[in-house]
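Undergrad: One structure, pasted below without further comment.
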Amino acid sequence: MTEPSQYFKGRTVQEQMDEVIGYVDTRATEVATTAIASDVAQVHQDMLDADADAAAAAASAAAAAGTLANAVKKTGEASQSIAGDIAVSGNLSGGVVTGTTVTVPTPVNNTDAANKKYVDDKDALDVKITAINTYAVGLTGNQIAGGIKTFTNGISAYDNDWHTAFVDQGNIGDIKLFAKLKDRGNGRYLIMELMQTSNTASCYGILGIHNITTPVSSALGWFVRKGFGANNPMQVDSIVIVSDGVDVYLGCRKKVTYGNLHVRVKVANNYGTIDINPTPQVEWLSAAVNIGDGTGYTLIEAVE
């Protein structure tokens with residue numbers, strides 16, 4: 001609109017008022033038109049922005065869907081569900097799962113694949129090396145092997161389980177206890193083997209002992225006793241049965257100054273059956289007990 005004063009020059013008051021009224025109406029229309037055009041432009045821009053946001057959201061959703069499809073894709077048809085954690089049915093193959101915990105069921109049988117105790121039947125038959133002595137005669141360790149074993153070429157071994165019966169400390173005539181008799185009974189007998197080798201003497205003997213319930217009725221005697229040399233500790237009364245009224249022991253009487261007599265159980269008999277070795281009838285003392293000449297004890301000497 002041009003300068004409004006041009007419409008007022010040379011006119012009557014009424015004409016001027018009419019011109020002003022017309023000017024105001026025209027100007028109001030122009031202002032209203034301009035405001036409407038601005039609002040329409042802003043709305044159009046907002047619509048363009050919304051379309052762009054929607055397109056971006058759709059692209060992001062498509063990318064997420066593609067990532068999800070790659071993450072849980074499986075061969076064949078299988079159900080899938082995602083809600084916080086991911087639950088996948090069927091078989092997982094060709095991928096690595098990290099950041100989670102896999103719980104393996106405790107093996108309970110050998111039938112169900114998920115609970116199988118062994119990978120296959122071969123594993124069930126294998127014997128671990130730590131348990132080999134349970135199923136076979138081992139090269140080391142103590143074992144009890146039952147049944148009859150036949151060795152084509154014989155056995156090459158050395159007798160073991162020898163124990164000291166005589167020590168050179170103490171005085172001539174002292175009795176030193178070296179074993180305790182246990183599991184006594186009328187039908188129990190022990191066959192003991194004794195030997196000594198030293199610089200000045202060598203001796204060997206086999207002694208029989210009746211390991212009876214009542215100590216005073218016990219008996220022991222030499223089946224074999226042979227020795228030679230100056231210091232022979234295995235004389236006829238070298239071995240004695242000793243009772244303190246409660247327990248019964250085997251003792252060795254010191255007969256010479258020096259010597260080194262050893263003893264072991266050769267056979268243990270229990271009413272016609274043979275005890276295992278080590279026998280339950282003998283408890284070896286960890287250290288000899290010197291009782292002097294045996295005063296105050298019941299003594300039974302070996303005989304020939």
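Residue numbering restarts at 1 for every chain of the structure tokens, chains are lettered A, B, ... in their displayed order, and ligands are numbered from 1 as they appear.
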At a cut-off of 12 Å, using only C-alpha atoms, what residues contact Asn270 (chain A)? Leave out same-chain residues fewer than 5 positions from it and give the result as a list in words.

TA: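 Those residues are Asp183, Arg184, Gly185, Asn186, Gly187, Arg188, Tyr189, Leu190, Ile191, His210, Asn211, Ile212, Asp275, Ile276, Thr279, Pro280 and Gln281 of chain A.
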
Undergrad: Take the selection from the previous step and output its residues with C-alpha atoms, as a compact mmCIF listing (two decimals), in the first residue's frame.

TA:
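As a result, part.txt now contains:
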# COMPACT_ATOMS: atom_id res chain seq x y z
CA ASP A 183 42.82 -112.40 68.53
CA ARG A 184 43.79 -115.26 70.83
CA GLY A 185 41.88 -118.53 70.83
CA ASN A 186 42.34 -122.30 71.26
CA GLY A 187 42.63 -122.93 67.52
CA ARG A 188 45.04 -120.15 66.69
CA TYR A 189 48.66 -120.89 65.82
CA LEU A 190 51.52 -118.83 64.46
CA ILE A 191 54.56 -120.03 62.56
CA HIS A 210 50.01 -121.56 70.31
CA ASN A 211 48.19 -118.23 70.60
CA ILE A 212 45.71 -119.50 73.16
CA ASP A 275 44.88 -115.70 58.09
CA ILE A 276 45.86 -113.06 55.61
CA THR A 279 47.79 -111.33 60.30
CA PRO A 280 45.27 -109.95 62.81
CA GLN A 281 46.96 -112.08 65.50

Undergrad: Do a neighbour search on Tyr297 (chain A) at 10 Å with only C-alpha atoms, toss out local chain neighbours closer than 4 positions, and write the hits as an NGL selection string.

TA: :A and (241-245 or 248 or 291 or 293)

Undergrad: Convert the current residue selection to file output with N, CA and C atoms, as a tab-separated table (two decimals), in the first residue's frame.

TA:
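Writing done, so here's result15.tsv:
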chain	number	residue	atom	x	y	z
A	241	ILE	N	57.06	-115.83	75.79
A	241	ILE	CA	55.73	-115.23	75.85
A	241	ILE	C	55.61	-114.55	77.20
A	242	VAL	N	55.13	-113.29	77.20
A	242	VAL	CA	55.07	-112.47	78.41
A	242	VAL	C	53.64	-112.01	78.62
A	243	SER	N	53.12	-112.22	79.85
A	243	SER	CA	51.77	-111.75	80.19
A	243	SER	C	51.85	-110.82	81.40
A	244	ASP	N	51.18	-109.68	81.30
A	244	ASP	CA	51.10	-108.77	82.46
A	244	ASP	C	49.77	-108.93	83.19
A	245	GLY	N	49.02	-109.99	82.88
A	245	GLY	CA	47.72	-110.23	83.49
A	245	GLY	C	46.57	-109.71	82.66
A	248	VAL	N	49.12	-109.95	76.32
A	248	VAL	CA	50.13	-110.98	76.10
A	248	VAL	C	51.07	-110.50	74.99
A	291	ILE	N	61.67	-104.84	79.86
A	291	ILE	CA	61.04	-105.15	81.16
A	291	ILE	C	62.04	-105.80	82.11
A	293	ASP	N	64.49	-108.34	83.80
A	293	ASP	CA	64.53	-109.81	83.81
A	293	ASP	C	63.14	-110.44	83.80

Undergrad: Taking 5 positions as the minimum chain separation for residues in the same chain, which residues sit within 10 Å of region 145-148 of chain A when counting only C-alpha atoms? Answer as a list of chain:residue names.

TA: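 Contacts, with the query itself left out: A:Asn133, A:Thr134, A:Tyr135, A:Ala136, A:Val137, A:Gly138.
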
Undergrad: A:Tyr158, A:Trp284, A:Phe166, A:Phe151: which is nearest Leu261 (chain A), counting only C-alpha atoms?

TA: A:Phe166

Undergrad: Can you pull out every residue within 8 Å of region 168-177 of chain A, counting only C-alpha atoms, but drop anything in the same chain fewer than 4 positions away, and send it as a PyMOL selection string?

TA: chain A and resi 249-260+285+288-294

Undergrad: Applying 10 Å and only C-alpha atoms, which residues near Val263 (chain A) remain after dropping the ones on its own chain fewer than 3 positions away? List them as a count of residues only.

TA: 17

Undergrad: Provide the CA of Ile239 (chain A) to CA of Asn269 (chain A) distance in Å, to one decimal place.

TA: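 CA of Asn269 (chain A) lies 19.9 Å from CA of Ile239 (chain A).
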
Undergrad: Among region 139-220 of chain A, which ones does DSSP place in strand (DSSP E), written as a PyMOL selection string?

TA: chain A and resi 163-164+175-181+188-197+201-210+219-220

Undergrad: To one decimal place in Å, what is the distance between CA of Leu220 (chain A) and CA of Asp237 (chain A)?

TA: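 Taking CA of Leu220 (chain A) as the start and CA of Asp237 (chain A) as the end point, the length is 10.3 Å.
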
Undergrad: Separation of CA of Ala157 (chain A) and CA of Ser286 (chain A), in Å?

TA: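 Interatomic distance here is 25.6 Å.
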